[in-house]
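K.L.:
One structure coming up, written as structure tokens, with questions to follow.
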Amino acid sequence: MGRHILLYWPNIIGYIRIALVVTAWAAYEKPALFIFLYSISIALDGVDGWLARRLGQVSRFGAWLDVVVDNLGRGMLWSRLVEWGWMVSAVEWCVFVCNHNTRGDHWKNSFSSSPWLIRAIMDNGFRTPLGLWVVSGLHCLPLCLYGSQKGLLSQWMYLPLWMQNLVTVLLAAGRLLALSAEMWCIRTHIEYLTSEEKDDKKS
């Protein structure tokens, strides 16, 4: 077993992000500390992939760990924000299972034959205008809702209510775009599973 992969630098960043998420969970009622910890975790999400390519330390485990940490952080926040937040987290975990089971560790680059909307979101590892909008909705909407609940957008950033509402609507639209892609991934995975059963019966 290639256990040395566990100590790749991008994966160490993943472990640090897990520690940040757990600490943020404990500090949920202390907004300044929570925002600090959670924001560092989000920022490091953009570092691990770059570092993996830079150091030649790309791995299947690293691709898996990156999504696991993302889902842990967002799941923790959604579950604390609203009563039905667990549903958002459940969909994200379901999509994680679907994509990694069917598409493997290179799932981000496996949408070339998808419908145009899915390609517009997923092309180049989310590095498209729609992709950036979706990623912003995924990561920033729950953080924005937290800031709104705790009064941080008004007290810290001095944002008027209309601007807070506009930012929330834009991020929510990005999250809904993400939901459309998530539903497509689940549907195609179900098609993959059922077609596999048909092929087995034929043989």
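Letters A, B, ... mark the chains of the structure tokens in the order given; residue numbers begin at 1 per chain; ligand numbers begin at 1, in order shown.
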Mind dumping a table of every stretch 78-138 of chain A residue within 8 Å of stretch 180-193 of chain A, with the nearest atom pair and its distance in Å to one decimal, using only C-alpha atoms, sorted by chain and rising number, as CSV?
P.N.:
```
residue,atom,partner,partner_atom,distance
A:Val91,CA,A:Glu182,CA,7.6
A:Glu92,CA,A:Glu182,CA,7.6
A:Cys94,CA,A:Ile186,CA,7.5
A:Val95,CA,A:Glu182,CA,6.0
A:Cys98,CA,A:His189,CA,5.8
A:Asn99,CA,A:Cys185,CA,7.0
A:Thr102,CA,A:His189,CA,6.8
A:Ile118,CA,A:Ala181,CA,6.0
A:Ile121,CA,A:Ala181,CA,8.0
```
K.L.:
DSSP on the backbone, helix (DSSP H, G or I) only: what residues of stretch 52-180 of chain A does that give? Format it as JSON, numbers by chain.
P.N.:
{"A": [52, 53, 54, 55, 60, 61, 62, 63, 64, 65, 66, 67, 68, 69, 70, 71, 72, 73, 74, 75, 76, 77, 78, 79, 80, 81, 85, 86, 87, 88, 89, 90, 91, 92, 93, 94, 95, 96, 97, 98, 99, 100, 101, 102, 104, 105, 106, 107, 108, 109, 116, 117, 118, 119, 120, 121, 122, 123, 124, 125, 126, 129, 130, 131, 132, 133, 134, 135, 136, 137, 138, 139, 140, 141, 142, 143, 144, 145, 146, 147, 148, 149, 152, 153, 154, 155, 161, 162, 163, 164, 165, 166, 167, 168, 169, 170, 171, 172, 173, 174, 175, 176, 177, 178, 179, 180]}
K.L.:
Write out as a list in words which residues come within 7 Å of stretch 36-45 of chain A when counting only C-alpha atoms, dropping same-chain ones fewer than 3 positions away.
P.N.:
Arg17, Leu20, Val21, Ala24, Ala32, Leu33 and Asp48 of chain A
K.L.:
Name all residues at most 12 Å from A:Leu143 (count only C-alpha atoms; drop same-chain ones fewer than 3 positions away) and give them as number ranges by chain.
P.N.:
A: 28, 31, 34-39, 42, 73-78, 80-81, 136-140, 146-150, 152-153, 167-168, 171-172
K.L.:
What does the structure give for the distance between atom CA of A:Pro129 and atom CA of A:Ser110, in Å to one decimal?
P.N.:
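Between these atoms lies a distance of 18.4 Å.
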K.L.:
Fewer than 4 positions away in the same chain doesn't count, so skip those; otherwise give me all residues within 9 Å of A:Phe96, counting only C-alpha atoms, as a ChimeraX atom specification.
P.N.:
/A:64,67-68,71,91-92,100-101
K.L.:
Distance atom CA of A:Leu117-atom CA of A:Leu132, one decimal place?
P.N.:
13.5 Å
K.L.:
When you draw a straight line from atom CA of A:Asn11 to atom CA of A:Leu65, how long is it in Å?
P.N.:
7.3 Å
K.L.:
Need to verify the contact set: A:Ser113, 12 Å, only C-alpha atoms, exclusion of same-chain residues closer than 5 positions in sequence. Can you return it as a PDB file with all heavy atoms, in the first residue's frame?
P.N.:
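Output below, filename selection.pdb:
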```pdb
ATOM      1  N   ILE A 118     -24.307  21.683 -18.146  1.00  0.00           N
ATOM      2  CA  ILE A 118     -23.384  20.961 -17.274  1.00  0.00           C
ATOM      3  C   ILE A 118     -21.944  21.245 -17.692  1.00  0.00           C
ATOM      4  O   ILE A 118     -21.076  21.487 -16.848  1.00  0.00           O
ATOM      5  CB  ILE A 118     -23.671  19.442 -17.316  1.00  0.00           C
ATOM      6  CG1 ILE A 118     -25.137  19.152 -16.968  1.00  0.00           C
ATOM      7  CG2 ILE A 118     -22.738  18.693 -16.384  1.00  0.00           C
ATOM      8  CD1 ILE A 118     -25.573  19.644 -15.611  1.00  0.00           C
ATOM      9  N   ARG A 119     -21.694  21.241 -19.008  1.00  0.00           N
ATOM     10  CA  ARG A 119     -20.341  21.569 -19.479  1.00  0.00           C
ATOM     11  C   ARG A 119     -19.965  22.992 -19.102  1.00  0.00           C
ATOM     12  O   ARG A 119     -18.822  23.256 -18.699  1.00  0.00           O
ATOM     13  CB  ARG A 119     -20.252  21.397 -21.003  1.00  0.00           C
ATOM     14  CG  ARG A 119     -20.304  19.965 -21.479  1.00  0.00           C
ATOM     15  CD  ARG A 119     -19.769  19.824 -22.903  1.00  0.00           C
ATOM     16  NE  ARG A 119     -20.333  20.806 -23.815  1.00  0.00           N
ATOM     17  CZ  ARG A 119     -21.472  20.645 -24.486  1.00  0.00           C
ATOM     18  NH1 ARG A 119     -22.174  19.540 -24.320  1.00  0.00           N
ATOM     19  NH2 ARG A 119     -21.912  21.567 -25.322  1.00  0.00           N
ATOM     20  N   ALA A 120     -20.903  23.924 -19.236  1.00  0.00           N
ATOM     21  CA  ALA A 120     -20.617  25.327 -18.919  1.00  0.00           C
ATOM     22  C   ALA A 120     -20.255  25.498 -17.449  1.00  0.00           C
ATOM     23  O   ALA A 120     -19.494  26.394 -17.091  1.00  0.00           O
ATOM     24  CB  ALA A 120     -21.823  26.192 -19.265  1.00  0.00           C
ATOM     25  N   MET A 122     -18.992  22.745 -15.453  1.00  0.00           N
ATOM     26  CA  MET A 122     -17.920  21.842 -15.035  1.00  0.00           C
ATOM     27  C   MET A 122     -16.622  21.973 -15.823  1.00  0.00           C
ATOM     28  O   MET A 122     -15.577  21.526 -15.342  1.00  0.00           O
ATOM     29  CB  MET A 122     -18.408  20.384 -15.157  1.00  0.00           C
ATOM     30  CG  MET A 122     -19.686  20.093 -14.408  1.00  0.00           C
ATOM     31  SD  MET A 122     -19.537  20.253 -12.627  1.00  0.00           S
ATOM     32  CE  MET A 122     -18.370  18.955 -12.263  1.00  0.00           C
ATOM     33  N   ASP A 123     -16.665  22.555 -17.031  1.00  0.00           N
ATOM     34  CA  ASP A 123     -15.463  22.606 -17.868  1.00  0.00           C
ATOM     35  C   ASP A 123     -14.283  23.208 -17.129  1.00  0.00           C
ATOM     36  O   ASP A 123     -14.423  24.144 -16.344  1.00  0.00           O
ATOM     37  CB  ASP A 123     -15.740  23.412 -19.148  1.00  0.00           C
ATOM     38  CG  ASP A 123     -16.345  22.559 -20.247  1.00  0.00           C
ATOM     39  OD1 ASP A 123     -16.475  21.337 -20.049  1.00  0.00           O
ATOM     40  OD2 ASP A 123     -16.704  23.111 -21.298  1.00  0.00           O
TER      41      ASP A 123
END
```
K.L.:
I need the residue nearest A:Leu130 from this list: A:Asn165, A:Leu176, A:Trp93, A:Met87. Use only C-alpha atoms for the distance.
P.N.:
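Comparing A:Asn165, A:Leu176, A:Trp93, A:Met87 against A:Leu130, the winner is A:Leu176.
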K.L.:
My list of candidates is A:Thr23, A:Ile18, A:Gly62, A:Leu166. Which is closest to A:Ile5 when distances are computed with only C-alpha atoms?
P.N.:
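Between A:Thr23, A:Ile18, A:Gly62, A:Leu166, the residue approaching A:Ile5 most closely is A:Gly62.
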